[in-house]
Amino acid sequence: MSEPPITLYRLQACPFCERVARTLTELDVAYRSRYVEPMHSERNVVKRVSGARSVPAIVDRDTGVTMSESANIVEYLRGTYGEGGA
């Protein structure tokens with residue numbers, strides 16, 4: 001099986017990250033989780049992909065979208081993969 005198009009960068013027990021993961025599951029969108037360092041200053045992998053060290057962050061290879069901020073991500077996912085989306 002090929003790798004899912006969406007990668008979710010997240011922290012363990014982060015309510016904002018869980019909100020995004022729950023939305024992906026509700027929409028039945030395949031994704032992979034990539035857990036990052038809890039220490040903000042050490043989240044270099046997130047900074048490389050999104051330009052910031054904040055989580056959650058997603059990379060959607062199918063659309064070329066990279067974004068942070070849970071509310072924005074949920075809105076994007078619902079608009080892209082929800083009813084009326086892709």
# chains A, B, ... in the order shown; residues from 1 in each chain; ligands from 1
>>> residues_around(residues="stretch 68-82 of chain A", least_positions_apart="3", cutoff="8 Å", atoms="only C-alpha atoms", output="tab-separated table (two decimals) with N, CA and C atoms, in the first residue's frame")
chain	number	residue	atom	x	y	z
A	16	PHE	N	-5.53	20.11	20.36
A	16	PHE	CA	-5.65	20.69	19.02
A	16	PHE	C	-5.26	19.68	17.95
A	17	CYS	N	-4.24	18.88	18.25
A	17	CYS	CA	-3.81	17.82	17.34
A	17	CYS	C	-4.89	16.75	17.24
A	19	ARG	N	-8.05	17.17	17.64
A	19	ARG	CA	-9.16	17.71	16.85
A	19	ARG	C	-8.94	17.46	15.35
A	20	VAL	N	-7.72	17.68	14.89
A	20	VAL	CA	-7.40	17.45	13.48
A	20	VAL	C	-7.46	15.97	13.16
A	23	THR	N	-11.02	14.85	12.90
A	23	THR	CA	-11.63	15.31	11.64
A	23	THR	C	-11.19	14.44	10.48
A	24	LEU	N	-9.91	14.12	10.41
A	24	LEU	CA	-9.42	13.23	9.35
A	24	LEU	C	-10.13	11.88	9.39
A	27	LEU	N	-13.79	12.16	8.25
A	27	LEU	CA	-13.88	12.33	6.80
A	27	LEU	C	-13.35	11.12	6.03
A	29	VAL	N	-10.27	10.14	5.67
A	29	VAL	CA	-9.09	10.54	4.90
A	29	VAL	C	-7.88	9.82	5.46
A	50	SER	N	6.75	23.42	7.51
A	50	SER	CA	5.69	24.43	7.57
A	50	SER	C	6.19	25.85	7.79
A	54	SER	N	5.01	25.25	15.35
A	54	SER	CA	3.75	24.96	16.03
A	54	SER	C	3.08	23.72	15.44
A	55	VAL	N	2.34	23.04	16.31
A	55	VAL	CA	1.56	21.88	15.90
A	55	VAL	C	0.13	22.10	16.37
A	56	PRO	N	-0.83	21.50	15.71
A	56	PRO	CA	-0.68	20.57	14.60
A	56	PRO	C	-0.29	21.29	13.31
A	57	ALA	N	0.29	20.51	12.42
A	57	ALA	CA	0.60	20.96	11.08
A	57	ALA	C	0.33	19.78	10.14
A	58	ILE	N	-0.13	20.09	8.94
A	58	ILE	CA	-0.32	19.02	7.96
A	58	ILE	C	0.41	19.36	6.67
A	85	GLY	N	-16.50	18.36	-1.43
A	85	GLY	CA	-15.06	18.45	-1.67
A	85	GLY	C	-14.63	17.41	-2.68
A	86	ALA	N	-13.34	17.10	-2.65
A	86	ALA	CA	-12.74	16.17	-3.60
A	86	ALA	C	-13.31	14.77	-3.48
>>> closest_residue(among="A:Arg48, A:Ile6, A:Met67, A:Glu37", to="A:Thr25", atoms="only C-alpha atoms")
A:Ile6
>>> select_by_dssp(residues="chain A", states="strand (DSSP E or B)", output="ChimeraX atom specification")
/A:6-10,31-35,57-60,65-68
>>> atom_distance(atom1="atom CA of A:Glu3", atom2="atom CA of A:Glu83")
23.8 Å
>>> select_by_dssp(residues="stretch 16-72 of chain A", states="alpha helix (DSSP H)", output="PDB file with N, CA and C atoms, in the first residue's frame")
ATOM      1  N   PHE A  16      -5.532  20.112  20.356  1.00  0.00           N
ATOM      2  CA  PHE A  16      -5.647  20.695  19.018  1.00  0.00           C
ATOM      3  C   PHE A  16      -5.258  19.679  17.948  1.00  0.00           C
ATOM      4  N   CYS A  17      -4.239  18.884  18.253  1.00  0.00           N
ATOM      5  CA  CYS A  17      -3.813  17.820  17.337  1.00  0.00           C
ATOM      6  C   CYS A  17      -4.893  16.748  17.244  1.00  0.00           C
ATOM      7  N   GLU A  18      -5.494  16.424  18.383  1.00  0.00           N
ATOM      8  CA  GLU A  18      -6.565  15.415  18.403  1.00  0.00           C
ATOM      9  C   GLU A  18      -7.764  15.886  17.596  1.00  0.00           C
ATOM     10  N   ARG A  19      -8.050  17.166  17.638  1.00  0.00           N
ATOM     11  CA  ARG A  19      -9.163  17.710  16.849  1.00  0.00           C
ATOM     12  C   ARG A  19      -8.935  17.460  15.354  1.00  0.00           C
ATOM     13  N   VAL A  20      -7.720  17.682  14.893  1.00  0.00           N
ATOM     14  CA  VAL A  20      -7.401  17.455  13.481  1.00  0.00           C
ATOM     15  C   VAL A  20      -7.462  15.965  13.161  1.00  0.00           C
ATOM     16  N   ALA A  21      -6.890  15.132  14.021  1.00  0.00           N
ATOM     17  CA  ALA A  21      -6.913  13.681  13.798  1.00  0.00           C
ATOM     18  C   ALA A  21      -8.350  13.171  13.757  1.00  0.00           C
ATOM     19  N   ARG A  22      -9.190  13.668  14.652  1.00  0.00           N
ATOM     20  CA  ARG A  22     -10.599  13.254  14.691  1.00  0.00           C
ATOM     21  C   ARG A  22     -11.311  13.658  13.395  1.00  0.00           C
ATOM     22  N   THR A  23     -11.020  14.849  12.895  1.00  0.00           N
ATOM     23  CA  THR A  23     -11.632  15.312  11.643  1.00  0.00           C
ATOM     24  C   THR A  23     -11.190  14.440  10.478  1.00  0.00           C
ATOM     25  N   LEU A  24      -9.909  14.118  10.411  1.00  0.00           N
ATOM     26  CA  LEU A  24      -9.417  13.230   9.346  1.00  0.00           C
ATOM     27  C   LEU A  24     -10.128  11.883   9.394  1.00  0.00           C
ATOM     28  N   THR A  25     -10.309  11.343  10.591  1.00  0.00           N
ATOM     29  CA  THR A  25     -10.983  10.056  10.746  1.00  0.00           C
ATOM     30  C   THR A  25     -12.453  10.169  10.340  1.00  0.00           C
ATOM     31  N   GLU A  26     -13.124  11.223  10.788  1.00  0.00           N
ATOM     32  CA  GLU A  26     -14.535  11.430  10.436  1.00  0.00           C
ATOM     33  C   GLU A  26     -14.731  11.517   8.928  1.00  0.00           C
ATOM     34  N   ASN A  44      12.367  20.947  14.854  1.00  0.00           N
ATOM     35  CA  ASN A  44      12.956  21.371  13.591  1.00  0.00           C
ATOM     36  C   ASN A  44      12.299  20.723  12.388  1.00  0.00           C
ATOM     37  N   VAL A  45      11.808  19.503  12.536  1.00  0.00           N
ATOM     38  CA  VAL A  45      11.163  18.832  11.406  1.00  0.00           C
ATOM     39  C   VAL A  45       9.901  19.586  10.992  1.00  0.00           C
ATOM     40  N   VAL A  46       9.164  20.095  11.967  1.00  0.00           N
ATOM     41  CA  VAL A  46       7.962  20.867  11.651  1.00  0.00           C
ATOM     42  C   VAL A  46       8.347  22.196  11.009  1.00  0.00           C
ATOM     43  N   LYS A  47       9.380  22.825  11.523  1.00  0.00           N
ATOM     44  CA  LYS A  47       9.834  24.104  10.950  1.00  0.00           C
ATOM     45  C   LYS A  47      10.258  23.925   9.498  1.00  0.00           C
ATOM     46  N   ARG A  48      10.921  22.814   9.194  1.00  0.00           N
ATOM     47  CA  ARG A  48      11.355  22.565   7.809  1.00  0.00           C
ATOM     48  C   ARG A  48      10.171  22.455   6.855  1.00  0.00           C
ATOM     49  N   VAL A  49       9.072  21.817   7.281  1.00  0.00           N
ATOM     50  CA  VAL A  49       7.953  21.614   6.363  1.00  0.00           C
ATOM     51  C   VAL A  49       6.948  22.753   6.355  1.00  0.00           C
ATOM     52  N   SER A  50       6.754  23.420   7.514  1.00  0.00           N
ATOM     53  CA  SER A  50       5.692  24.429   7.566  1.00  0.00           C
ATOM     54  C   SER A  50       6.192  25.851   7.789  1.00  0.00           C
ATOM     55  N   SER A  70      -5.062  24.489  14.110  1.00  0.00           N
ATOM     56  CA  SER A  70      -6.097  23.457  14.029  1.00  0.00           C
ATOM     57  C   SER A  70      -7.393  23.935  13.376  1.00  0.00           C
ATOM     58  N   ALA A  71      -7.869  25.127  13.712  1.00  0.00           N
ATOM     59  CA  ALA A  71      -9.123  25.606  13.117  1.00  0.00           C
ATOM     60  C   ALA A  71      -8.990  25.747  11.607  1.00  0.00           C
ATOM     61  N   ASN A  72      -7.870  26.277  11.145  1.00  0.00           N
ATOM     62  CA  ASN A  72      -7.634  26.415   9.698  1.00  0.00           C
ATOM     63  C   ASN A  72      -7.533  25.055   9.026  1.00  0.00           C
TER      64      ASN A  72
END
>>> atom_distance(atom1="atom CA of A:Arg34", atom2="atom CA of A:Ala13")
13.3 Å
>>> residues_around(residues="A:Leu11", least_positions_apart="6", cutoff="7 Å", atoms="only C-alpha atoms", output="MDAnalysis selection string")
chainID A and resid 17 35:36 38
>>> atom_distance(atom1="atom CA of A:Glu42", atom2="atom CA of A:Pro4")
25.5 Å
>>> closest_residue(among="A:Arg10, A:Arg53, A:Asp62, A:Pro15", to="A:Arg32", atoms="only C-alpha atoms")
A:Arg10
>>> decode(residues="stretch 62-78 of chain A", atoms="all heavy atoms", output="short mmCIF file (atom, residue, chain, number, x, y, z; two decimals), in the first residue's frame")
data_model
loop_
_atom_site.label_atom_id
_atom_site.label_comp_id
_atom_site.auth_asym_id
_atom_site.auth_seq_id
_atom_site.Cartn_x
_atom_site.Cartn_y
_atom_site.Cartn_z
N ASP A 62 -1.31 15.59 -2.08
CA ASP A 62 -2.23 15.59 -3.23
C ASP A 62 -2.55 17.00 -3.71
O ASP A 62 -2.76 17.22 -4.90
CB ASP A 62 -3.53 14.87 -2.90
CG ASP A 62 -3.37 13.35 -2.93
OD1 ASP A 62 -2.29 12.86 -3.34
OD2 ASP A 62 -4.34 12.66 -2.55
N THR A 63 -2.61 17.96 -2.79
CA THR A 63 -2.98 19.32 -3.17
C THR A 63 -1.82 20.31 -3.06
O THR A 63 -1.95 21.45 -3.49
CB THR A 63 -4.13 19.85 -2.29
OG1 THR A 63 -3.69 19.88 -0.92
CG2 THR A 63 -5.37 18.97 -2.42
N GLY A 64 -0.72 19.88 -2.45
CA GLY A 64 0.42 20.76 -2.28
C GLY A 64 0.27 21.74 -1.12
O GLY A 64 1.04 22.68 -0.99
N VAL A 65 -0.73 21.51 -0.27
CA VAL A 65 -1.00 22.41 0.85
C VAL A 65 -0.21 21.99 2.08
O VAL A 65 -0.16 20.82 2.43
CB VAL A 65 -2.51 22.43 1.17
CG1 VAL A 65 -2.79 23.13 2.50
CG2 VAL A 65 -3.28 23.09 0.05
N THR A 66 0.40 22.97 2.73
CA THR A 66 1.04 22.80 4.04
C THR A 66 0.48 23.88 4.93
O THR A 66 0.45 25.05 4.53
CB THR A 66 2.57 22.96 3.93
OG1 THR A 66 3.08 21.95 3.05
CG2 THR A 66 3.24 22.83 5.28
N MET A 67 -0.01 23.50 6.09
CA MET A 67 -0.59 24.51 6.98
C MET A 67 -0.54 24.11 8.43
O MET A 67 -0.39 22.93 8.76
CB MET A 67 -2.02 24.85 6.56
CG MET A 67 -2.99 23.73 6.66
SD MET A 67 -4.67 24.04 6.02
CE MET A 67 -4.85 25.76 5.97
N SER A 68 -0.67 25.11 9.30
CA SER A 68 -0.72 24.93 10.74
C SER A 68 -2.02 25.56 11.24
O SER A 68 -2.75 26.18 10.47
CB SER A 68 0.46 25.64 11.41
OG SER A 68 1.68 25.13 10.93
N GLU A 69 -2.26 25.42 12.57
CA GLU A 69 -3.41 26.00 13.26
C GLU A 69 -4.63 25.11 13.04
O GLU A 69 -5.15 25.00 11.94
CB GLU A 69 -3.63 27.42 12.76
CG GLU A 69 -4.56 28.37 13.47
CD GLU A 69 -5.43 27.87 14.60
OE1 GLU A 69 -4.96 27.81 15.72
OE2 GLU A 69 -6.59 27.55 14.34
N SER A 70 -5.06 24.49 14.11
CA SER A 70 -6.10 23.46 14.03
C SER A 70 -7.39 23.93 13.38
O SER A 70 -7.97 23.22 12.55
CB SER A 70 -6.39 22.86 15.41
OG SER A 70 -6.91 23.83 16.29
N ALA A 71 -7.87 25.13 13.71
CA ALA A 71 -9.12 25.61 13.12
C ALA A 71 -8.99 25.75 11.61
O ALA A 71 -9.90 25.37 10.85
CB ALA A 71 -9.55 26.93 13.75
N ASN A 72 -7.87 26.28 11.15
CA ASN A 72 -7.63 26.41 9.70
C ASN A 72 -7.53 25.05 9.03
O ASN A 72 -8.05 24.86 7.93
CB ASN A 72 -6.37 27.22 9.43
CG ASN A 72 -6.49 28.66 9.86
OD1 ASN A 72 -7.58 29.19 10.04
ND2 ASN A 72 -5.35 29.30 10.06
N ILE A 73 -6.86 24.12 9.68
CA ILE A 73 -6.70 22.78 9.11
C ILE A 73 -8.06 22.10 8.99
O ILE A 73 -8.39 21.52 7.95
CB ILE A 73 -5.73 21.93 9.94
CG1 ILE A 73 -4.32 22.52 9.88
CG2 ILE A 73 -5.74 20.48 9.46
CD1 ILE A 73 -3.33 21.89 10.85
N VAL A 74 -8.86 22.17 10.05
CA VAL A 74 -10.18 21.53 10.02
C VAL A 74 -11.04 22.15 8.92
O VAL A 74 -11.70 21.43 8.16
CB VAL A 74 -10.87 21.64 11.41
CG1 VAL A 74 -12.34 21.27 11.32
CG2 VAL A 74 -10.15 20.75 12.42
N GLU A 75 -11.02 23.46 8.79
CA GLU A 75 -11.79 24.12 7.73
C GLU A 75 -11.32 23.66 6.35
O GLU A 75 -12.12 23.37 5.47
CB GLU A 75 -11.63 25.64 7.86
CG GLU A 75 -12.43 26.42 6.84
CD GLU A 75 -12.27 27.93 7.00
OE1 GLU A 75 -11.81 28.38 8.07
OE2 GLU A 75 -12.60 28.64 6.04
N TYR A 76 -10.00 23.59 6.17
CA TYR A 76 -9.44 23.11 4.90
C TYR A 76 -9.87 21.67 4.62
O TYR A 76 -10.31 21.34 3.51
CB TYR A 76 -7.90 23.20 4.94
CG TYR A 76 -7.23 22.36 3.89
CD1 TYR A 76 -7.20 22.78 2.57
CD2 TYR A 76 -6.66 21.13 4.22
CE1 TYR A 76 -6.60 21.99 1.58
CE2 TYR A 76 -6.07 20.35 3.25
CZ TYR A 76 -6.04 20.77 1.93
OH TYR A 76 -5.47 19.99 0.97
N LEU A 77 -9.76 20.79 5.61
CA LEU A 77 -10.11 19.38 5.42
C LEU A 77 -11.58 19.23 5.07
O LEU A 77 -11.93 18.47 4.15
CB LEU A 77 -9.77 18.57 6.67
CG LEU A 77 -8.29 18.42 6.98
CD1 LEU A 77 -8.11 17.80 8.36
CD2 LEU A 77 -7.58 17.60 5.91
N ARG A 78 -12.44 19.92 5.78
CA ARG A 78 -13.88 19.82 5.51
C ARG A 78 -14.21 20.36 4.11
O ARG A 78 -15.02 19.79 3.39
CB ARG A 78 -14.69 20.55 6.57
CG ARG A 78 -14.61 19.86 7.92
CD ARG A 78 -15.69 20.30 8.88
NE ARG A 78 -15.53 19.74 10.20
CZ ARG A 78 -15.76 18.48 10.54
NH1 ARG A 78 -16.15 17.63 9.62
NH2 ARG A 78 -15.58 18.05 11.78
#
